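Structure record follows, encoded as structure tokens.
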Amino acid sequence: MRERNFYRSPVSFQGITVVPEMRADVRGRKRPVMPPLGRILALCALTESGCWQQQGRLNQWGYGTTFQSPRSTNRGTNLSHRITYEQLRGPIPSGMQIDHLCRNRACVNPDHLEVVTPRENTLRGMAPNAQSVREGRCKRGHEYTEENTYRWAKDPRSRKCKTCVRLRAASYKARLAGTEAQTLDEWLTLATSS
């Protein structure tokens with residue numbers, strides 16, 4: 001457990017020193033208050049990969065979180081890597097996201113963070129849809145070719161695998177008929193027979 005005066009002394013981590021600010025409380029008394037960056041750095045540990053691993057509170061997705069006072073423009077709980085990036089590198093443009101180049105969500109090292117578009121951040125991820133876009137295959141492994149791809153005029157970036165659509169249709173028809181296909185050839189035969 002922390003001492004009561006934990007945030008009264010400066011915090012230093014990796015050559016960055018944050019000094020507490022003196023603020024008036026409700027009764028007008030001056031009290032030392034550690035800025036959010038200092039609270040984040042006080043709870044960091046350096047890993048072998050160079051990550052500044054936040055040891056404090058993590059949200060359900062594994063990102064470090066820090067509370068900002070009600071007087072701040074971004075009040076409430078905020079993501080620690082965003083606060084660190086804004087304090088040490090500059091503002092994050094509207095509509096942009098921060099990508100962890102190290103793939104460690106609890107890392108707050110600004111050298112491991114990069115500002116990217118939401119689409120770029122998604123495509124860099126490890127989700128199945130991002131992997132299929134990188135590999136040029138659907139989630140079942142069928143190659144996206146012009147002959148095997150449905151595209152929509154409203155959103156040309158979205159696509160569907162024609163083979164998977166046929167397989168889903170065959171599965172539905174088989175369930176309606178009360179039969180079950182066991183192999184891919186049986187699925188395709190059912191799909192093309194009707």
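Starting from 1 in every chain, residues are counted up; chains themselves are A, B, ... following the order of the structure tokens, and ligands are numbered from 1 as listed.
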
>> With only C-alpha atoms as the counted atoms, please give the residues lying no more than 6 Å from range 56-67 of chain A, apart from itself and same-chain residues fewer than 3 positions off, as a list in words.
In response: Leu43, Gly76, Thr77, Asn78, Leu79, Ser80, Arg105 and Ala106 of chain A

> What residues in chain A get the DSSP label strand (DSSP E)? Please answer as a PyMOL selection string.
Replying inline: chain A and resi 11-13+16-18+21-24+30-33+44-46+52-54+65-68+76-79+97-100+113-116+149-151+159-161

>> Between A:Gly141, A:Gly28, A:Pro10, A:Pro93, which residue has the minimum interatomic distance to Thr163 in chain A, considering only C-alpha atoms?
In response: A:Gly141

>> Among range 24-146 of chain A, which ones does DSSP assign to helix (DSSP H, G or I) (computed from the backbone)? Answer as a ChimeraX atom specification.
In response: /A:36-42,80-88,110-112,118-124,128-135

> Mind pulling up the distance from CA of Pro32 in chain A to CA of Gln14 in chain A?
Replying inline: 22.7 Å

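Look at range 157-161 of chain A: the protein and nucleic acid residues within 12 Å of it, using only C-alpha atoms and passing over chain neighbours fewer than 5 places away, are Arg119, Asn129, Ser132, Val133, Gly136, Arg137, Cys138, Lys139, Arg140, Gly141, His142, Glu143, Tyr144, Thr145, Glu146, Glu147, Asn148, Thr149, Tyr150, Arg151, Trp152, Arg166, Leu167 and Arg168 of chain A.
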
>> Please report the interatomic distance between CA of Arg27 in chain A and CA of Arg39 in chain A in Å with one decimal.
In response: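 Rounded to one decimal, the two atoms are 23.9 Å apart.
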
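Using only C-alpha atoms, the smallest distance between any of A:Arg82, A:Asp155, A:Arg103, A:Val11 and Met126 in chain A comes from A:Arg103.
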
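Nearest-residue note for Arg8 in chain A: choosing from A:Leu176, A:Ala24, A:Met34, A:Ala130, the minimum distance belongs to A:Met34, counting only C-alpha atoms.
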
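Pairwise distance (CA of Cys102 in chain A, CA of His81 in chain A) equals 12.5 Å.
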
Near Gln53 in chain A, within 10 Å and counting only C-alpha atoms, which residues show up once chain neighbours fewer than 6 positions away are dropped, as a PDB file with N, CA and C atoms, in the first residue's frame?
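around_30.pdb, freshly written:
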```
ATOM      1  N   ILE A  40       0.884   8.029 -13.824  1.00  0.00           N
ATOM      2  CA  ILE A  40       1.113   6.914 -14.746  1.00  0.00           C
ATOM      3  C   ILE A  40       2.548   6.409 -14.615  1.00  0.00           C
ATOM      4  N   LEU A  41       3.510   7.334 -14.665  1.00  0.00           N
ATOM      5  CA  LEU A  41       4.926   6.945 -14.614  1.00  0.00           C
ATOM      6  C   LEU A  41       5.305   6.340 -13.269  1.00  0.00           C
ATOM      7  N   LEU A  43       3.657   4.283 -11.673  1.00  0.00           N
ATOM      8  CA  LEU A  43       3.191   2.896 -11.651  1.00  0.00           C
ATOM      9  C   LEU A  43       3.724   2.083 -12.823  1.00  0.00           C
ATOM     10  N   CYS A  44       4.797   2.548 -13.466  1.00  0.00           N
ATOM     11  CA  CYS A  44       5.357   1.841 -14.626  1.00  0.00           C
ATOM     12  C   CYS A  44       6.561   1.001 -14.233  1.00  0.00           C
ATOM     13  N   ALA A  45       6.729  -0.083 -14.970  1.00  0.00           N
ATOM     14  CA  ALA A  45       7.914  -0.932 -14.826  1.00  0.00           C
ATOM     15  C   ALA A  45       8.495  -1.137 -16.221  1.00  0.00           C
ATOM     16  N   LEU A  46       9.812  -1.103 -16.322  1.00  0.00           N
ATOM     17  CA  LEU A  46      10.486  -1.291 -17.598  1.00  0.00           C
ATOM     18  C   LEU A  46      10.632  -2.782 -17.874  1.00  0.00           C
ATOM     19  N   THR A  47      10.176  -3.238 -19.051  1.00  0.00           N
ATOM     20  CA  THR A  47      10.294  -4.652 -19.413  1.00  0.00           C
ATOM     21  C   THR A  47      11.520  -4.861 -20.295  1.00  0.00           C
ATOM     22  N   GLY A  64      -4.124   0.359 -19.934  1.00  0.00           N
ATOM     23  CA  GLY A  64      -3.979   1.065 -18.679  1.00  0.00           C
ATOM     24  C   GLY A  64      -4.900   2.269 -18.631  1.00  0.00           C
ATOM     25  N   ASN A 104       1.646  -4.515 -27.052  1.00  0.00           N
ATOM     26  CA  ASN A 104       1.406  -4.629 -25.618  1.00  0.00           C
ATOM     27  C   ASN A 104       0.461  -3.501 -25.219  1.00  0.00           C
ATOM     28  N   ARG A 105      -0.771  -3.830 -24.907  1.00  0.00           N
ATOM     29  CA  ARG A 105      -1.789  -2.803 -24.637  1.00  0.00           C
ATOM     30  C   ARG A 105      -1.529  -2.013 -23.362  1.00  0.00           C
ATOM     31  N   ALA A 106      -0.794  -2.560 -22.417  1.00  0.00           N
ATOM     32  CA  ALA A 106      -0.511  -1.856 -21.168  1.00  0.00           C
ATOM     33  C   ALA A 106       0.735  -0.977 -21.271  1.00  0.00           C
ATOM     34  N   CYS A 107       1.382  -0.947 -22.427  1.00  0.00           N
ATOM     35  CA  CYS A 107       2.598  -0.152 -22.620  1.00  0.00           C
ATOM     36  C   CYS A 107       2.237   1.321 -22.824  1.00  0.00           C
ATOM     37  N   VAL A 108       2.979   2.210 -22.159  1.00  0.00           N
ATOM     38  CA  VAL A 108       2.761   3.649 -22.312  1.00  0.00           C
ATOM     39  C   VAL A 108       4.007   4.352 -22.846  1.00  0.00           C
ATOM     40  N   ASN A 109       4.982   3.603 -23.351  1.00  0.00           N
ATOM     41  CA  ASN A 109       6.202   4.180 -23.913  1.00  0.00           C
ATOM     42  C   ASN A 109       5.843   4.923 -25.209  1.00  0.00           C
TER      43      ASN A 109
END
```

> Excluding same-chain residues fewer than 5 positions from Asn121 in chain A, what lies within 8 Å of it counting only C-alpha atoms, as a PyMOL selection string?
Replying inline: chain A and resi 97-99+116
